[in-house]
Every structure is written in structure tokens, then in C-alpha cells.
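Working notes for the structure below.
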Amino acid sequence: MSPEGEVADPDSPVLHADDLGIVHGDGLFETMLVREGRVCGLDRHLARLTAAAPVAGLPAPDPGRIEAMVRTGVREWRSVHAGEGMLRLVYTRGREHDPSGDPTLYLTIAPVPDRVESARRHGVRALTLPTAYQPGLAATSPWLLSGVKSLSYAANIAALRHVRGLGVDDAIFVSASGTVLEGPRSTVVAVIDGALVTPPRDDGVLPGTTQDALFELAESEGIGTDQRPLTVTELYSADEVWLLSSVTLAARVRELDGRACGAGSVIDVADLVHRSAGS
């Protein structure tokens, strides 16, 4: 196979039935936004994947190979699509019955889901959901893969199905002690007293590439930022609450647990996020 990867027919099988990413969710993934012929935040995503690989017991990925695959994928995408795309990079341990074989590495690009435009434009309604996570557990129990974008994503998807069954758009996970963690596929950022505040990423929270780029730009423009424990009560009283992710970018939480959320921040979070998306 060439370093740029092989362009496969999207209707043809590309995985073995015993791939450990399928049978055990044993692997990692990254999801990125393709916009105007480029991938937003590619360097940040590759850095996160590289940092997560040893935690998940996977060989270090080859960033050069992935970048070449991305270039090929984006070129193919642009040849038939003019709009935004959702690029998903998947990296698994490979085949169960060939332990000495190579890991599986592939990417797909598909149209951005319809929900994205609505979330960007109109915001979302969310519910807080309890978890059994105890603050500090990530540091003492690395096998839980807290803060790693693992293919073991069933609980996150189940949470989204649950809240949507209740007529709500999204969820925010809360630890056993009541501190705010993250959304099933997003980072929580609140505007409090004129500053951007997010839960600490070293406490079971996935390092958010979109949040990281936002904070970097905000700090360069003199806007305060902070990573600290947040309570649900603080979200209720915040100037604004946002869910940030690589594809949706920024969705304002307009209602949380049935309560209307603030919408009066002096910080234009959506503008900052969209401007920082290329960094």
C-alpha cells in the first residue's frame, strides 16, 4: 500500500470480521471538520491521537502517513463535494487472530449531519446525567482510559439516545461528587464573570481540541480563561454555557435540565470558535 493509502469503494468491505476495533472497541478515533478544502485542527488531533496511543497500549501512529492519507481523502472528497465534511480517523489493534499483525488504520469522510447546522444556529437543550466517575480516578486507574478518545463509545451513544427519547438534544455528564465532566461528544465551556471556564482535563475529561484552540485565541485577545472544577449550579447561573466539538464547533446550551440558560455574555464565543477552528 502506498503511504497515501488506498482509496476504497465506500460500498465494499474494508475490515475483517475479527478486527479488535469491532469485537472489543479496542482502538482510538478522531473526528475532524473538513472545510474549504482543509481539515480543521489537524495538528491538534494528531497530537491527541499520538498521546492516547501508549495509554491504550497501541503502537505510536505515523503522523506523516496519516497526513498523506488525509490529503488523499480531502482531494477525493473535494472532487465530488463542495460543502463541509466529517472526517473520521480510526486506529485499532488489528485482527484478533493475528496478534503480530499490523494495526488497522483508515479514514472516512461523509457529509456533516443535519443536526450540526441546527445546533450551531439555534443552540441545544441538554440534560445533566449522573455517572459513577469519582474525581481523581483517572490518575490512579489508567486502564479506565479516562480522557482518551476510545472506540468504546457505546455508553456515550446510549446517553444521547436516552436524552433524545426524552425530547432533548444533548447531555452533560456529572461525576459522583457533582462536578461537571463533559458531553457525550463535546467539551463544556461556561462564561462566568467575563471569563471562559472549562472542567480540568486531567480529571477524566477528554482534552478538547476545539476548546484548546478557543482558549489559545481568547488569551491572545485578552479574554480570561480557566480550567477548574465546575458544579451544575454554576452552569445554571453562568452568563452562557456552550458545548464545543470538532464538527459542530460551538452550540450554545439554551436550556439545561428544563431551566433557561443565560444568553447575555459579552464574549462572542461562537465567533471565537469559528475563527480558531483552523489553528
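In the C-alpha cells, each chain is lettered A, B, ... as it comes, each chain's residues begin at 1, and ligands are numbered from 1 in order of appearance.
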Residues near Arg65 of chain A, cut-off 12 Å, only C-alpha atoms, skip fewer than 2 positions along chain, as a PyMOL selection string: chain A and resi 1-6+46+60-63+67-72+105-107
For Gln211 of chain A: contacts at 10 Å, only C-alpha atoms, fewer than 2 positions along chain excluded, given as an mmCIF file with C-alpha atoms, in the first residue's frame:
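Dumped to around-v8.cif:
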```
data_model
loop_
_atom_site.group_PDB
_atom_site.id
_atom_site.type_symbol
_atom_site.label_atom_id
_atom_site.label_comp_id
_atom_site.auth_asym_id
_atom_site.auth_seq_id
_atom_site.Cartn_x
_atom_site.Cartn_y
_atom_site.Cartn_z
ATOM 1 C CA SER A 186 -18.330 17.676 23.422
ATOM 2 C CA THR A 187 -16.395 19.827 25.872
ATOM 3 C CA VAL A 188 -18.310 22.054 28.292
ATOM 4 C CA VAL A 189 -17.318 25.723 28.429
ATOM 5 C CA LEU A 196 -14.167 31.186 29.776
ATOM 6 C CA THR A 198 -13.936 24.534 31.478
ATOM 7 C CA PRO A 207 -8.681 17.072 26.121
ATOM 8 C CA GLY A 208 -10.848 19.082 23.735
ATOM 9 C CA THR A 209 -9.089 20.228 20.568
ATOM 10 C CA ALA A 213 -7.862 26.343 20.155
ATOM 11 C CA LEU A 214 -10.575 28.619 21.586
ATOM 12 C CA PHE A 215 -8.648 29.282 24.805
ATOM 13 C CA GLU A 216 -5.449 29.977 22.907
ATOM 14 C CA LEU A 217 -7.152 32.605 20.745
ATOM 15 C CA LEU A 243 -20.819 22.629 24.072
ATOM 16 C CA LEU A 244 -17.746 22.595 21.825
ATOM 17 C CA SER A 245 -16.811 19.827 19.404
ATOM 18 C CA SER A 246 -14.715 19.363 16.296
ATOM 19 C CA LEU A 249 -17.756 23.676 16.641
ATOM 20 C CA ALA A 250 -19.973 25.647 19.055
ATOM 21 C CA VAL A 273 -14.573 29.276 17.993
ATOM 22 C CA SER A 276 -9.923 29.480 15.997
ATOM 23 C CA ALA A 277 -11.066 26.368 14.116
#
```
Extract, using only C-alpha atoms, all DNA, RNA and protein residues at most 10 Å from Ile192 of chain A, discarding same-chain residues fewer than 2 positions from it, and format them as a PyMOL selection string. chain A and resi 189-190+194-197+224-226+234-235+237-241+265
Could you write those residues out with N, CA, C and O atoms, as a PDB file, in the first residue's frame?
```pdb
ATOM      1  N   VAL A 189     -17.949  24.442  28.123  1.00  0.00           N
ATOM      2  CA  VAL A 189     -17.318  25.723  28.429  1.00  0.00           C
ATOM      3  C   VAL A 189     -18.397  26.683  28.913  1.00  0.00           C
ATOM      4  O   VAL A 189     -19.427  26.848  28.245  1.00  0.00           O
ATOM      5  N   ALA A 190     -18.176  27.282  30.069  1.00  0.00           N
ATOM      6  CA  ALA A 190     -19.122  28.261  30.608  1.00  0.00           C
ATOM      7  C   ALA A 190     -18.470  29.638  30.619  1.00  0.00           C
ATOM      8  O   ALA A 190     -17.254  29.763  30.808  1.00  0.00           O
ATOM      9  N   GLY A 194     -17.107  37.055  32.988  1.00  0.00           N
ATOM     10  CA  GLY A 194     -16.295  37.568  31.893  1.00  0.00           C
ATOM     11  C   GLY A 194     -15.134  36.690  31.475  1.00  0.00           C
ATOM     12  O   GLY A 194     -14.264  37.137  30.717  1.00  0.00           O
ATOM     13  N   ALA A 195     -15.087  35.446  31.956  1.00  0.00           N
ATOM     14  CA  ALA A 195     -14.003  34.531  31.592  1.00  0.00           C
ATOM     15  C   ALA A 195     -14.588  33.216  31.076  1.00  0.00           C
ATOM     16  O   ALA A 195     -15.734  32.852  31.379  1.00  0.00           O
ATOM     17  N   LEU A 196     -13.792  32.495  30.282  1.00  0.00           N
ATOM     18  CA  LEU A 196     -14.167  31.186  29.776  1.00  0.00           C
ATOM     19  C   LEU A 196     -13.656  30.129  30.754  1.00  0.00           C
ATOM     20  O   LEU A 196     -12.467  30.096  31.069  1.00  0.00           O
ATOM     21  N   VAL A 197     -14.554  29.259  31.218  1.00  0.00           N
ATOM     22  CA  VAL A 197     -14.197  28.267  32.229  1.00  0.00           C
ATOM     23  C   VAL A 197     -14.576  26.878  31.730  1.00  0.00           C
ATOM     24  O   VAL A 197     -15.688  26.681  31.220  1.00  0.00           O
ATOM     25  N   GLY A 224     -10.023  36.235  29.640  1.00  0.00           N
ATOM     26  CA  GLY A 224      -9.597  35.313  30.676  1.00  0.00           C
ATOM     27  C   GLY A 224     -10.089  33.895  30.427  1.00  0.00           C
ATOM     28  O   GLY A 224     -11.196  33.684  29.914  1.00  0.00           O
ATOM     29  N   THR A 225      -9.275  32.917  30.805  1.00  0.00           N
ATOM     30  CA  THR A 225      -9.651  31.501  30.688  1.00  0.00           C
ATOM     31  C   THR A 225      -9.253  30.793  31.973  1.00  0.00           C
ATOM     32  O   THR A 225      -8.327  31.212  32.674  1.00  0.00           O
ATOM     33  N   ASP A 226      -9.937  29.681  32.257  1.00  0.00           N
ATOM     34  CA  ASP A 226      -9.624  28.933  33.467  1.00  0.00           C
ATOM     35  C   ASP A 226     -10.066  27.486  33.291  1.00  0.00           C
ATOM     36  O   ASP A 226     -11.104  27.202  32.678  1.00  0.00           O
ATOM     37  N   GLU A 234     -23.335  26.171  39.063  1.00  0.00           N
ATOM     38  CA  GLU A 234     -22.626  27.233  38.350  1.00  0.00           C
ATOM     39  C   GLU A 234     -23.068  27.312  36.893  1.00  0.00           C
ATOM     40  O   GLU A 234     -23.141  28.406  36.322  1.00  0.00           O
ATOM     41  N   LEU A 235     -23.349  26.182  36.287  1.00  0.00           N
ATOM     42  CA  LEU A 235     -23.847  26.209  34.907  1.00  0.00           C
ATOM     43  C   LEU A 235     -25.210  26.886  34.849  1.00  0.00           C
ATOM     44  O   LEU A 235     -25.488  27.656  33.920  1.00  0.00           O
ATOM     45  N   SER A 237     -26.289  29.274  36.607  1.00  0.00           N
ATOM     46  CA  SER A 237     -26.201  30.726  36.809  1.00  0.00           C
ATOM     47  C   SER A 237     -25.186  31.394  35.882  1.00  0.00           C
ATOM     48  O   SER A 237     -25.004  32.613  35.957  1.00  0.00           O
ATOM     49  N   ALA A 238     -24.525  30.629  35.012  1.00  0.00           N
ATOM     50  CA  ALA A 238     -23.497  31.189  34.127  1.00  0.00           C
ATOM     51  C   ALA A 238     -24.097  32.174  33.130  1.00  0.00           C
ATOM     52  O   ALA A 238     -25.287  32.105  32.794  1.00  0.00           O
ATOM     53  N   ASP A 239     -23.255  33.088  32.655  1.00  0.00           N
ATOM     54  CA  ASP A 239     -23.708  34.006  31.610  1.00  0.00           C
ATOM     55  C   ASP A 239     -24.138  33.232  30.363  1.00  0.00           C
ATOM     56  O   ASP A 239     -25.139  33.567  29.727  1.00  0.00           O
ATOM     57  N   GLU A 240     -23.368  32.217  30.022  1.00  0.00           N
ATOM     58  CA  GLU A 240     -23.697  31.320  28.920  1.00  0.00           C
ATOM     59  C   GLU A 240     -23.020  29.978  29.169  1.00  0.00           C
ATOM     60  O   GLU A 240     -21.999  29.909  29.865  1.00  0.00           O
ATOM     61  N   VAL A 241     -23.585  28.911  28.574  1.00  0.00           N
ATOM     62  CA  VAL A 241     -22.972  27.585  28.597  1.00  0.00           C
ATOM     63  C   VAL A 241     -22.895  27.095  27.152  1.00  0.00           C
ATOM     64  O   VAL A 241     -23.875  27.201  26.403  1.00  0.00           O
ATOM     65  N   SER A 265     -23.758  36.960  27.414  1.00  0.00           N
ATOM     66  CA  SER A 265     -22.325  37.126  27.596  1.00  0.00           C
ATOM     67  C   SER A 265     -21.784  38.249  26.725  1.00  0.00           C
ATOM     68  O   SER A 265     -22.251  38.472  25.608  1.00  0.00           O
TER      69      SER A 265
END
```
Nearest to Pro103 of chain A: which of A:Lys149, A:His16, A:His122, A:Arg38 is it, counting only C-alpha atoms? A:His16
Nearest to Gly178 of chain A among A:Val74, A:Ala119, A:Val232, A:Ala132, with distances taken over only C-alpha atoms: which residue is it? A:Val232
Of A:Arg35, A:Arg115, A:Arg125, A:Arg161, the one nearest to His81 of chain A when counting only C-alpha atoms is A:Arg35
Would you pick out the contacts of Cys40 of chain A at 6 Å or less, using only C-alpha atoms, so that residues sharing its chain but fewer than 2 positions from it are not included, and give the list as a list in words? Leu33, Leu42, Ala277 and Gly278 of chain A
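Nearest residue to His24 of chain A, choosing from A:Leu272, A:Val247, A:Ile66, A:Leu151 and counting only C-alpha atoms: A:Leu151.
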Hey, what's within 12 Å of Arg93 of chain A if we count only C-alpha atoms and toss same-chain stuff fewer than 3 positions away? As a PyMOL selection string, please? chain A and resi 18-29+53-54+56-61+90+96-105+150-151
Using only C-alpha atoms, find the one residue out of A:Gly167, A:Gln134, A:Pro111, A:Pro229 that sits nearest to Thr179 of chain A. A:Pro229
Running DSSP on the backbone, which parts of segment 88-127 of chain A land in strand (DSSP E), as a PyMOL selection string? chain A and resi 88-92+104-111+124-127
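For the set A:Thr31, A:Cys261, A:Glu117, A:Glu76, the residue with the smallest atom-to-atom gap to Arg48 of chain A is A:Thr31, counting only C-alpha atoms.
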Do a neighbour search on Trp77 of chain A at 10 Å with only C-alpha atoms, toss out local chain neighbours closer than 3 positions, and write the hits as a CSV table (one decimal) with N, CA and C atoms, in the first residue's frame.
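Output file result.csv follows:
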```
chain,number,residue,atom,x,y,z
A,34,VAL,N,-13.9,19.0,7.8
A,34,VAL,CA,-13.3,19.4,6.5
A,34,VAL,C,-14.1,20.6,6.0
A,37,GLY,N,-11.6,22.8,1.8
A,37,GLY,CA,-10.5,22.1,1.3
A,37,GLY,C,-9.4,21.8,2.3
A,71,ARG,N,-4.6,14.0,3.1
A,71,ARG,CA,-4.6,14.8,1.8
A,71,ARG,C,-5.3,14.1,0.7
A,72,THR,N,-5.1,12.7,0.6
A,72,THR,CA,-5.7,11.9,-0.4
A,72,THR,C,-7.2,12.0,-0.2
A,73,GLY,N,-7.7,11.8,1.1
A,73,GLY,CA,-9.1,11.8,1.4
A,73,GLY,C,-9.8,13.1,1.0
A,74,VAL,N,-9.1,14.2,1.4
A,74,VAL,CA,-9.7,15.5,1.2
A,74,VAL,C,-9.8,15.8,-0.3
A,80,VAL,N,-16.0,15.6,-5.5
A,80,VAL,CA,-17.4,15.4,-5.7
A,80,VAL,C,-18.3,16.2,-4.7
A,81,HIS,N,-17.7,16.8,-3.7
A,81,HIS,CA,-18.5,17.6,-2.7
A,81,HIS,C,-17.9,19.0,-2.6
A,82,ALA,N,-18.8,20.0,-2.5
A,82,ALA,CA,-18.3,21.4,-2.3
A,82,ALA,C,-18.5,21.8,-0.8
A,83,GLY,N,-19.4,21.1,-0.1
A,83,GLY,CA,-19.7,21.5,1.3
A,83,GLY,C,-18.8,20.9,2.3
A,84,GLU,N,-19.1,21.2,3.6
A,84,GLU,CA,-18.3,20.6,4.7
A,84,GLU,C,-18.4,19.1,4.8
A,85,GLY,N,-17.4,18.5,5.3
A,85,GLY,CA,-17.4,17.1,5.5
A,85,GLY,C,-16.9,16.7,6.9
A,87,LEU,N,-14.6,14.1,8.8
A,87,LEU,CA,-13.6,13.1,8.6
A,87,LEU,C,-13.4,12.3,9.9
A,108,THR,N,-12.6,7.9,6.9
A,108,THR,CA,-13.7,8.1,6.1
A,108,THR,C,-14.1,9.6,6.1
A,109,ILE,N,-14.7,10.1,5.0
A,109,ILE,CA,-15.3,11.4,5.0
A,109,ILE,C,-16.7,11.3,4.5
A,110,ALA,N,-17.6,11.9,5.3
A,110,ALA,CA,-19.0,11.9,5.0
A,110,ALA,C,-19.6,13.3,5.1
A,111,PRO,N,-20.8,13.5,4.6
A,111,PRO,CA,-21.4,14.8,4.8
A,111,PRO,C,-21.6,15.1,6.3
```
Mind checking DSSP for segment 26-110 of chain A and telling me the helix (DSSP H, G or I) residues as a PyMOL selection string? chain A and resi 42-55+63-78
Residue subset to file, keeping C-alpha atoms, as a PDB file, in the first residue's frame:
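And here is the file that came out, selection.pdb:
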```pdb
ATOM      1  CA  LEU A  42      -5.377  18.500  12.157  1.00  0.00           C
ATOM      2  CA  ASP A  43      -2.182  19.025  14.183  1.00  0.00           C
ATOM      3  CA  ARG A  44      -4.119  19.094  17.454  1.00  0.00           C
ATOM      4  CA  HIS A  45      -5.989  15.908  16.580  1.00  0.00           C
ATOM      5  CA  LEU A  46      -2.802  14.078  15.618  1.00  0.00           C
ATOM      6  CA  ALA A  47      -1.147  15.209  18.850  1.00  0.00           C
ATOM      7  CA  ARG A  48      -4.085  13.877  20.872  1.00  0.00           C
ATOM      8  CA  LEU A  49      -4.068  10.562  18.986  1.00  0.00           C
ATOM      9  CA  THR A  50      -0.318  10.209  19.493  1.00  0.00           C
ATOM     10  CA  ALA A  51      -0.624  10.934  23.230  1.00  0.00           C
ATOM     11  CA  ALA A  52      -3.502   8.448  23.607  1.00  0.00           C
ATOM     12  CA  ALA A  53      -1.809   5.550  21.784  1.00  0.00           C
ATOM     13  CA  PRO A  54       0.524   4.446  24.631  1.00  0.00           C
ATOM     14  CA  VAL A  55      -2.305   4.816  27.154  1.00  0.00           C
ATOM     15  CA  PRO A  63       1.805  11.262  11.670  1.00  0.00           C
ATOM     16  CA  GLY A  64       3.376  11.591   8.215  1.00  0.00           C
ATOM     17  CA  ARG A  65       1.419   8.634   6.903  1.00  0.00           C
ATOM     18  CA  ILE A  66      -1.806   9.951   8.408  1.00  0.00           C
ATOM     19  CA  GLU A  67      -1.251  13.413   6.931  1.00  0.00           C
ATOM     20  CA  ALA A  68      -0.719  11.825   3.495  1.00  0.00           C
ATOM     21  CA  MET A  69      -3.914   9.787   3.894  1.00  0.00           C
ATOM     22  CA  VAL A  70      -5.793  12.929   4.913  1.00  0.00           C
ATOM     23  CA  ARG A  71      -4.555  14.797   1.831  1.00  0.00           C
ATOM     24  CA  THR A  72      -5.734  11.945  -0.377  1.00  0.00           C
ATOM     25  CA  GLY A  73      -9.089  11.757   1.353  1.00  0.00           C
ATOM     26  CA  VAL A  74      -9.724  15.501   1.162  1.00  0.00           C
ATOM     27  CA  ARG A  75      -8.736  15.557  -2.514  1.00  0.00           C
ATOM     28  CA  GLU A  76     -11.210  12.762  -3.261  1.00  0.00           C
ATOM     29  CA  TRP A  77     -13.903  14.470  -1.182  1.00  0.00           C
ATOM     30  CA  ARG A  78     -13.488  17.813  -2.937  1.00  0.00           C
TER      31      ARG A  78
END
```
Excluding same-chain residues fewer than 4 positions from Gly136 of chain A, what lies within 9 Å of it counting only C-alpha atoms, as a PyMOL selection string? chain A and resi 140-141+202-204
Okay, now the selection with N, CA, C and O atoms, as an mmCIF file, in the first residue's frame?
```cif
data_model
loop_
_atom_site.group_PDB
_atom_site.id
_atom_site.type_symbol
_atom_site.label_atom_id
_atom_site.label_comp_id
_atom_site.auth_asym_id
_atom_site.auth_seq_id
_atom_site.Cartn_x
_atom_site.Cartn_y
_atom_site.Cartn_z
ATOM 1 N N THR A 140 -5.287 7.366 39.053
ATOM 2 C CA THR A 140 -4.949 6.119 39.739
ATOM 3 C C THR A 140 -5.405 4.874 38.986
ATOM 4 O O THR A 140 -4.992 3.763 39.342
ATOM 5 N N SER A 141 -6.244 5.047 37.963
ATOM 6 C CA SER A 141 -6.797 3.903 37.234
ATOM 7 C C SER A 141 -6.689 4.113 35.726
ATOM 8 O O SER A 141 -7.689 4.317 35.029
ATOM 9 N N ASP A 202 -7.447 16.938 33.293
ATOM 10 C CA ASP A 202 -6.713 15.833 33.914
ATOM 11 C C ASP A 202 -7.578 15.058 34.898
ATOM 12 O O ASP A 202 -7.080 14.260 35.685
ATOM 13 N N ASP A 203 -8.883 15.270 34.850
ATOM 14 C CA ASP A 203 -9.775 14.596 35.791
ATOM 15 C C ASP A 203 -10.898 13.872 35.048
ATOM 16 O O ASP A 203 -12.078 14.098 35.292
ATOM 17 N N GLY A 204 -10.503 12.997 34.113
ATOM 18 C CA GLY A 204 -11.486 12.184 33.415
ATOM 19 C C GLY A 204 -12.153 12.869 32.257
ATOM 20 O O GLY A 204 -13.138 12.357 31.719
#
```
Can you tell me how far atom CA of Ser79 of chain A sits from atom CA of Val116 of chain A, in Å to one decimal?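 Atom-to-atom, atom CA of Ser79 of chain A and atom CA of Val116 of chain A are spaced 22.9 Å apart.
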Would you work out the distance separating atom CA of Val124 of chain A from atom CA of Val253 of chain A, expressed in Å to one decimal?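 Atom CA of Val124 of chain A sits 5.0 Å away from atom CA of Val253 of chain A.
For the pair atom CA of Tyr236 of chain A and atom CA of Phe173 of chain A, the interatomic distance is 14.6 Å.
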